[in-house]
Each structure stands twice: as structure tokens, then as C-alpha cells.
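Have a look at the structure below before the remarks.
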Amino acid sequence: MDPYDASESTPSASSHLKDYLIGATPLQKRLESVRKQTSFVPTPPRRKIPQCSQLQEDVDPHKVAFFLHKQWTLYSVTPLYQFSYSNLREYARLLNAFIAAEKQKGLAVEVGEDFNIKVIFSTLLGMKGTQRDPEAFLVQILSKSQMPSENREGKVLWTGWFCCIFGDSLLETVSQDFTCLPLFLANGAESNTAIIRTWFQKTFDCHFSPLAINAFNLSWMAAMWTACKMDRYMATTEFLWSVPCSPQSLDISYAIHPEDAKALWDSVHKTPGEVTQEEVDLFMDCLYSHFHRHFKIHLSATRLVRVSTSVASAHTDGKIKILCHKYLIGVLAYLTELAIFQVE
Amino acid sequence: MDEIVAEFIRRTILKIPMYEMMTILKAWNFLSENQLQTINFRQRKECLVQDLVLLCEEKCASLNDAALLDIIYTQVHRHQKVWDVFQMSKKPDEDIDLFDMEQFKCSFKKILQRALKNVTVSFRDAEENAVWIRIAWGTQCTKPNQYKPTYVLLYPQTPYAFTSSKLKSFMPLLGQALTVASKHHQIVKMDLRSRHLDSLKAIVFKQCNQTFEDHNSITPLQERCLELDVNVDSRIIHENTVEKERVQRVTQETFGDYPQPQLEFAQYKLVTKFKSDLNGGILAERKEPLRCLIKFSSPHLLEALKSLAPAGIADAPLSPLLTCIPNKGMNYFKIRDK
């Protein structure tokens with residue numbers, strides 16, 4: 001009996017959410033306590049182990065491949081005011097003009113870049129957790145080729161996309177005028193990202209914030225991704241710690257064979273189908289104690305900066321790289337949760 | 001002076017930063033004082049380089065002259081390369097021959113020329129009886145590639161050679177040539193690698209204690225420890241003073257009181273079983289060890305490690321796996337359960 005196989009028949013939207021969040025998430029608890037003006041008493045949260053969701057089966061794997069193996073810089077975005085999916089062409093035109101104007105102002109100077117660019121807005125079908133989630137959409141800046149022939153698609157200079165995966169807790173709180181896509185991922189030159197952000201902020205009265213991922217969440221990600229069932233491992237499981245010692249910095253990289261990491265996780269794991277705080281803590285403790293046995297160094301006193309598994313890798317500065325298409329939605333769901341928490 | 005030499009000299013001089021130009025050219029000693037004085041050193045670098053190359057042409061610089069300039073540049077910029085350490089050994093019953101530098105150079109060159117036909121070998125004597133060797137590798141039919149040479153710093157009175165090479169395929173041949181020419185029996189690559197050639201020397205020649213003895217301060221340990229407390233109200237005492245002092249003492253005993261040799265990383269390949277008293281039962285039945293690769297990186301690794309216990313991040317004494325690095329002369333390790 002393998003509890004990880006997604007053998008359920010088409011689940012309903014509400015059970016999807018229930019599937020993902022069993023009991024109140026830390027987010028909900030924090031919101032509750034703020035509203036009630038009570039002190040926050042942390043009870044161990046649980047999260048369901050990411051599975052290959054039904055919705056994702058419908059997505060074209062080729063299209064999904066576009067999002068894999070790229071480093072995305074993460075931002076949280078407040079809901080967009082009066083955004084309409086039927087105006088995407090108009091938005092593309094406006095953004096194009098805005099970028100051209102900004103570049104002529106000399107605000108973003110890139111060597112060798114010409115002003116012949118083309119902006120495209122497109123919706124990403126299937127990039128959602130439940131049917132309630134708004135459609136994700138993609139913005140791309142392409143260089144317009146000098147040749148007038150139509151087949152010469154320009155080179156993609158910059159890509160950014162907005163999505164919302166299992167964003168019910170946020171969707172419940174906003175009115176109809178707002179579109180909630182709290183997670184923004186960008187790939188490309190930072191100068192372009194800044195221009196895009198400015199335009200969206202002006203046009204839709206929203207606000208972008210870089211989404212940092214703290215050590216607590218990195219540990220959760222490491223545990224959850226190690227828990228994911230994989231047919232084969234493409235990458236070693238690796239952690240990177242930064243040691244706050246002076247005067248010289250010290251980085252410690254701890255790579256463990258993915259099969260051994262999984263064996264350790266399986267030994268720690270008790271509750272089928274979900275991950276608990278205790279299990280995450282125990283998993284990390286085991287890694288710390290194995291390290292301490294050899295080196296007498298307390299990794300828990302240092303700062304976890306990066307985790308990397310065959311599913312995905314995440315850096316504390318808010319950078320993510322997703323390696324496995326099966327768990328794309330699962331990874332995005334966690335990030336959406338973090339984004340929502342930051343937005344609220 | 002053929003085109004290859006001219007281009008090689010041009011590119012080498014171009015690499016030299018302006019503030020070092022005079023020093024390096026003087027050390028090279030190929031262009032005379034008078035000749036150098038005819039050059040305008042304030043012009044743009046490309047023009048300056050062109051003038052210098054013309055001078056070299058007038059003086060008919062040879063490939064060997066160019067190679068010497070390259071050696072000098074590398075000596076000054078040795079930290080830009082990563083250096084490996086090799087250790088040679090003689091057979092136990094062999095007599096210790098007196099080392100003859102000229103014979104070594106001749107023999108070394110011959111071995112390589114016999115093997116490859118096309119190879120450029122250059123020597124530059126250094127202090128402490130050492131010699132710098134530069135080898136540009138070719139093959140039976142292709143000319144030597146002057147832009148991917150191997151550098152060797154050899155201390156003939158010791159069994160050690162330090163090498164930096166971008167082309168790894170020639171290393172066995174290099175090892176053979178070094179061994180035979182210096183009348184050794186065997187050569188082994190040590191698990192030690194760093195950009196800091198001087199630190200490698202310090203570690204390998206166990207110079208840590210001697211070289212830095214002058215820096216040893218005379219202030220007693222306790223005064224140094226509690227320096228910060230001098231200006232504080234004497235009614236305030238530190239918790240754990242005893243423990244703090246113990247940690248300082250143990251750290252000093254382990255690392256010594258002198259600046260540590262500079263290494264950038266240490267790498268450990270661990271194949272050891274998981275054992276933990278606190279997390280009892282975890283992986284208890286698993287016979288296979290955990291396969292881990294641990295890498296410590298820092299601009300100055302040993303100083304950083306030294307600061308861990310006093311900072312409370314590590315226990316004192318620190319694990320021997322870390323403290324043995326200078327003594328064992330290793331920064332690559334493979335650890336298995338006994």
C-alpha cells in the first residue's frame with residue numbers, strides 16, 4: 001500500500017483545499033490570534049505531502065517544462081485592482097510603450113540592448129490549485145528581430161508570471177474588483193523586473209515585496225520535498241548554511257545522497273500522507289546530530305540559507321528553481337501560502 | 001622574432017596591471033634601463049604594450065625570454081591559480097644523492113622532449129634553493145599551446161612540488177618527469193589544494209610554529225580573554241567565565257597563537273552510519289551508511305574554524321577532522337566507519 005499514489009477520483013474543489021491544509025495553517029492561526037488580540041500559541045501545523053494533482057494532469061508537459069530548471073526570483077503581490085483578462089492585449093501595448101519610454105529616459109541601461117522589444121501577455125491554463133483560483137498569467141519581453149519575417153520569434157529577454165495556488169484564504173477576504181494573484185516569479189534582468197513592477201503598481205494599485213524564505217520554511221520545504229515520491233533522483237539533496245562568525249565568513253555545504261535522505265525521512269515519518277512540525281524538526285535534528293558527531297559544530301546555531309532536492313531548490317533570498325514537473329503545483333502552493341502571509 | 005612569440009609577449013604584458021609594470025619589467029631584466037627610459041609609461045596601455053613589444057622585437061626576444069616573463073607574472077599573481085601538492089619519495093634503502101640543479105633541469109627537459117617532441121620547458125631559479133618550471137604542452141604534431149601552461153614550484157631539498165595546471169591530461173607525464181629527473185622513486189598527489197601557495201608551503205613544511213613565532217604576544221592568556229571586561233563595572237561578572245576561559249585555552253592549544261595558514265576550503269566525503277542517542281531508533285535497522293559530502297568554504301578557513309568555539313557555535317575541542325588539516329597537510333578527506 002503506497003499512501004502517496006494519487007488514486008482518488010476527480011476531487012471536488014473544496015476537498016482539494018482540505019486535502020492540502022489539514023487543520024488550521026500557521027497563517028490562519030496567526031490571523032485568528034491577531035483578530036482576537038490573543039497571544040499566538042503555536043500548535044504543530046500539518047501540511048499534506050504534495051501529490052501530482054488532478055488539474056496538473058491536464059496541463060501540457062511541454063508547457064510546464066518552460067517553468068522548470070529556471071531560477072525564479074519571488075515576490076508577493078497585493079491584489080490587482082480592476083484587472084481584466086479580456087484586456088491582455090491592451091496591457092501588452094501599454095506596457096510596451098512604458099518600457100520604451102523608461103529605456104529612453106536612460107533609467108535602465110543594458111549594453112547592447114536595442115529598443116525593439118515586444119511585450120506579450122498570456123494566460124496560463126491549468127496553473128492553479130482549485131477552480132476558484134484565478135487564472136495565472138504570463139508576461140514576456142521579447143526582442144523584436146530586425147528581419148520582418150514572421151517566423152523569426154525574438155529571443156526572450158525577460159519572463160514574469162503571476163499565479164495563485166490554493167489561495168482560498170486570501171480570496172475569501174477581497175471584493176470582486178480585485179484579482180488575487182499573490183505570487184509573482186521573475187526571470188531575467190533585475191532592471192526589467194523593476195520596470196515591470198513599477199508599471200503594475202501604477203496600473204493596478206498593487207504592491208510588490210520581495211519574498212524572502214526564512215530558515216523555518218526552508219526546513220519545511222526540505223522535509224516536504226524529501227517526502228515526495230520520486231521515480232528517480234536527478235539531484236543530490238543539499239543544504240547550505242552560512243555561519244555568522246567573524247572576521248571571516250564560513251559556508252558549510254552538506255550534501256546527502258537522496259536515497260539516504262529518503263531513508264532518513266521514512267524513518268522519521270509517522271503520519272501517512274502528511275507532514276507535521278515534529279517530523280520536520282526531527283528530520284533536521286537528525287541531520288544536525290549526524291554532522292555534530294563528526295565535526296562538533298552546532299548547525300542549529302547557524303543560518304540555513306539554501307535547500308536543494310530533486311523536486312526543487314530554494315534560497316533564502318527568495319529564489320526558487322523547480323526541477324520536477326510532477327510537483328510543480330505542490331511547490332507553488334507552499335510559495336503561495338508564504339506570499340499570502342506576507343501580503344496580509 | 002616570430003609572430004607567435006610577439007603575440008605571446010604582447011598578451012602577457014597586457015595582463016600586467018599598470019602599477020606593477022615597472023617592477024615586473026625590471027625583474028624580467030630583458031629590456032635594459034636605457035631602453036625602458038625611452039618608453040612613455042603614461043600613455044594608454046595598448047600603445048604602451050605596442051611600444052614594449054617593438055623593443056622586444058628589436059632585441060630579438062626568444063620564446064624562452066617570453067616564457068620567463070610569464071613565470072614572473074605568475075609568481076606575482078600566484079593566488080589567481082589553484083595549486084596542488086605532490087610528494088615524492090625514494091626507495092627506503094636508496095642512498096641520498098646530492099641534488100644537482102643543472103643535471104635535474106637537463107634530465108627533466110629531455111624526458112618531456114622525448115615523450116612529446118613539441119614542448120616548451122623554462123626554468124627560473126628562486127630563493128631557498130627552489131626552482132620555478134613552466135611547461136607549455138604540445139604533441140608529436142602540434143606546437144605547444146603557450147596559453148595553457150603548467151607551472152611547477154619545486155623545492156629539491158624536500159620531496160614537495162607544487163603545481164598548477166589547466167590541462168590535466170599531462171599530469172602523469174609531468175609526475176614521471178619530476179620523479180625521474182630528481183632521482184625519486186614515486187610521486188603521490190596529496191589531498192591538499194589551495195590558491196594560497198604560501199600557506200600550502202607553510203603547512204607542508206610545518207613552518208606554522210617557526211614562521212610566526214615573532215607574532216606571539218606576551219600578554220598572558222587570561223588578560224587577552226577578558227580584555228573587553230576592563231572598562232566594565234567590576235560588580236558585573238560574566239556567567240560561564242570558567243567555561244569561556246576553558247574554551248579559549250583549548251582553542252589556543254589546538255590552533256596555536258599565531259595566524260593560521262590560509263586555505264579556502266576543506267571537503268569531507270563521509271560514508272558513515274547514522275548513530276544518535278537523542279533520536280533513538282531512527283535508522284536503527286539500516287546497515288548502510290549515510291553518504292554525505294560536506295564542504296567548508298571561507299576566504300580564510302582555518303581562522304573561521306578557530307573562531308567557532310569561542311563564538312559558541314562549536315564545542316571545544318573542535319573535532320580532530322578539522323583541526324588536523326594543517327598537521328596532516330590535507331584538505332580533502334574520505335571518512336568511513338572503522
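By order of appearance in the C-alpha cells: chains A, B, ..., then residues from 1 within every chain, and ligands from 1 in the order shown.
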ask   = Residues of range 171-248 of chain A in strand (DSSP E or B) according to DSSP, as a list in words?
value = Phe178, Thr179, Leu183, Phe184, Leu185, Ala186, Asn187, Gly188, Phe208, Ser209, Pro210, Thr237, Glu238, Phe239, Leu240, Trp241, Ser242 and Val243 of chain A
request  = Residues of chain B no more than 8 Å from chain A, counting only C-alpha atoms: send them over as a ChimeraX atom specification.
outcome  = /B:274-276,279,282-283,290-301,303-304,307-308,311,313-316,318-322
task = Have a look at A:Asn214, A:Thr130, A:Thr276, A:Thr226 and name the one nearest to Ile165 in chain A; count only C-alpha atoms.
result =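 Using only C-alpha atoms, the shortest distance to Ile165 in chain A belongs to A:Thr130.
You will find CA of Glu337 in chain A at 11.8 Å from CA of Gly129 in chain A.
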inquiry  = Just checking: using only C-alpha atoms, which residue out of B:Ile16, B:Ala67, B:Met88, B:Leu25 ends up closest to Gly175 in chain B?
reply    =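 So, comparing all the options, the nearest one is B:Met88.
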message = If we count only C-alpha atoms and set the cut-off at 9 Å, which residues sit around Ile340 in chain A, ignoring sequence neighbours fewer than 3 positions away in its own chain? Please answer as a list of chain:residue names.
response =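 That gives A:Leu27, A:Ser76, A:Val77, A:Thr78, A:Gly167, A:Ser169, A:Leu170, A:Pro182, A:Leu183, A:Leu335, A:Thr336, A:Glu337, A:Val343, A:Glu344.
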With C-alpha atoms retained, export the selected residues as an mmCIF file, in the first residue's frame.
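Contents of out_18.cif, freshly written:
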```
data_model
loop_
_atom_site.group_PDB
_atom_site.id
_atom_site.type_symbol
_atom_site.label_atom_id
_atom_site.label_comp_id
_atom_site.auth_asym_id
_atom_site.auth_seq_id
_atom_site.Cartn_x
_atom_site.Cartn_y
_atom_site.Cartn_z
ATOM 1 C CA LEU A 27 -1.163 31.572 8.778
ATOM 2 C CA SER A 76 4.466 38.729 -3.075
ATOM 3 C CA VAL A 77 1.860 40.933 -4.753
ATOM 4 C CA THR A 78 -1.196 42.562 -3.220
ATOM 5 C CA GLY A 167 -5.289 30.840 -2.386
ATOM 6 C CA SER A 169 -7.730 32.167 2.466
ATOM 7 C CA LEU A 170 -6.927 35.334 0.544
ATOM 8 C CA PRO A 182 -0.229 36.880 -4.757
ATOM 9 C CA LEU A 183 2.782 35.011 -6.106
ATOM 10 C CA LEU A 335 5.102 29.591 -2.038
ATOM 11 C CA THR A 336 1.600 30.998 -2.497
ATOM 12 C CA GLU A 337 0.998 30.402 1.182
ATOM 13 C CA VAL A 343 0.643 40.249 1.886
ATOM 14 C CA GLU A 344 -1.674 40.175 4.849
#
```
Show which residues sit within 7 Å of Leu211 in chain A, as a compact mmCIF listing (two decimals) with C-alpha atoms, in the first residue's frame. Count only C-alpha atoms, and ignore same-chain residues fewer than 2 positions away.
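Once written, part-v5.txt looks like this:
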```txt
# COMPACT_ATOMS: atom_id res chain seq x y z
CA LEU A 74 9.99 35.61 -5.88
CA TYR A 75 7.75 38.48 -4.88
CA SER A 76 4.47 38.73 -3.07
CA SER A 209 7.52 42.85 -1.97
CA ILE A 213 12.18 32.48 2.72
CA GLY A 318 13.60 34.35 -2.38
CA ALA A 339 3.18 35.12 -0.32
```
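Every protein or nucleic acid residue with an atom no more than 12 Å from Lys26 in chain B, counting only C-alpha atoms and leaving out same-chain residues fewer than 6 positions away, appears here: Glu20, Ser32, Glu33, Asn34, Gln35, Leu36, Gln37, Leu69, Ile72 and Tyr73 of chain B.
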key: CA of Thr73 in chain A to CA of Ala314 in chain A, distance in Å rounded to a single decimal   =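 It comes out at 10.0 Å.
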inquiry  = Taking the DSSP secondary structure from the backbone, can you list the residues of range 164-238 of chain A that are helix (DSSP H, G or I), as a VMD selection string?
reply    = chain A and resid 168 to 171 190 to 204 215 to 227
request  = Can you work out the spacing between CA of Ala66 in chain B and CA of Pro159 in chain B in Å, to one decimal?
outcome  =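 One can read the CA of Ala66 in chain B to CA of Pro159 in chain B distance as 29.2 Å.
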key: Among listed residues B:Ala27, B:Ala177, B:Met171, B:Ile187, nearest Phe104 in chain B (using only C-alpha atoms)   =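 Closest to Phe104 in chain B of all the choices is B:Ala177.
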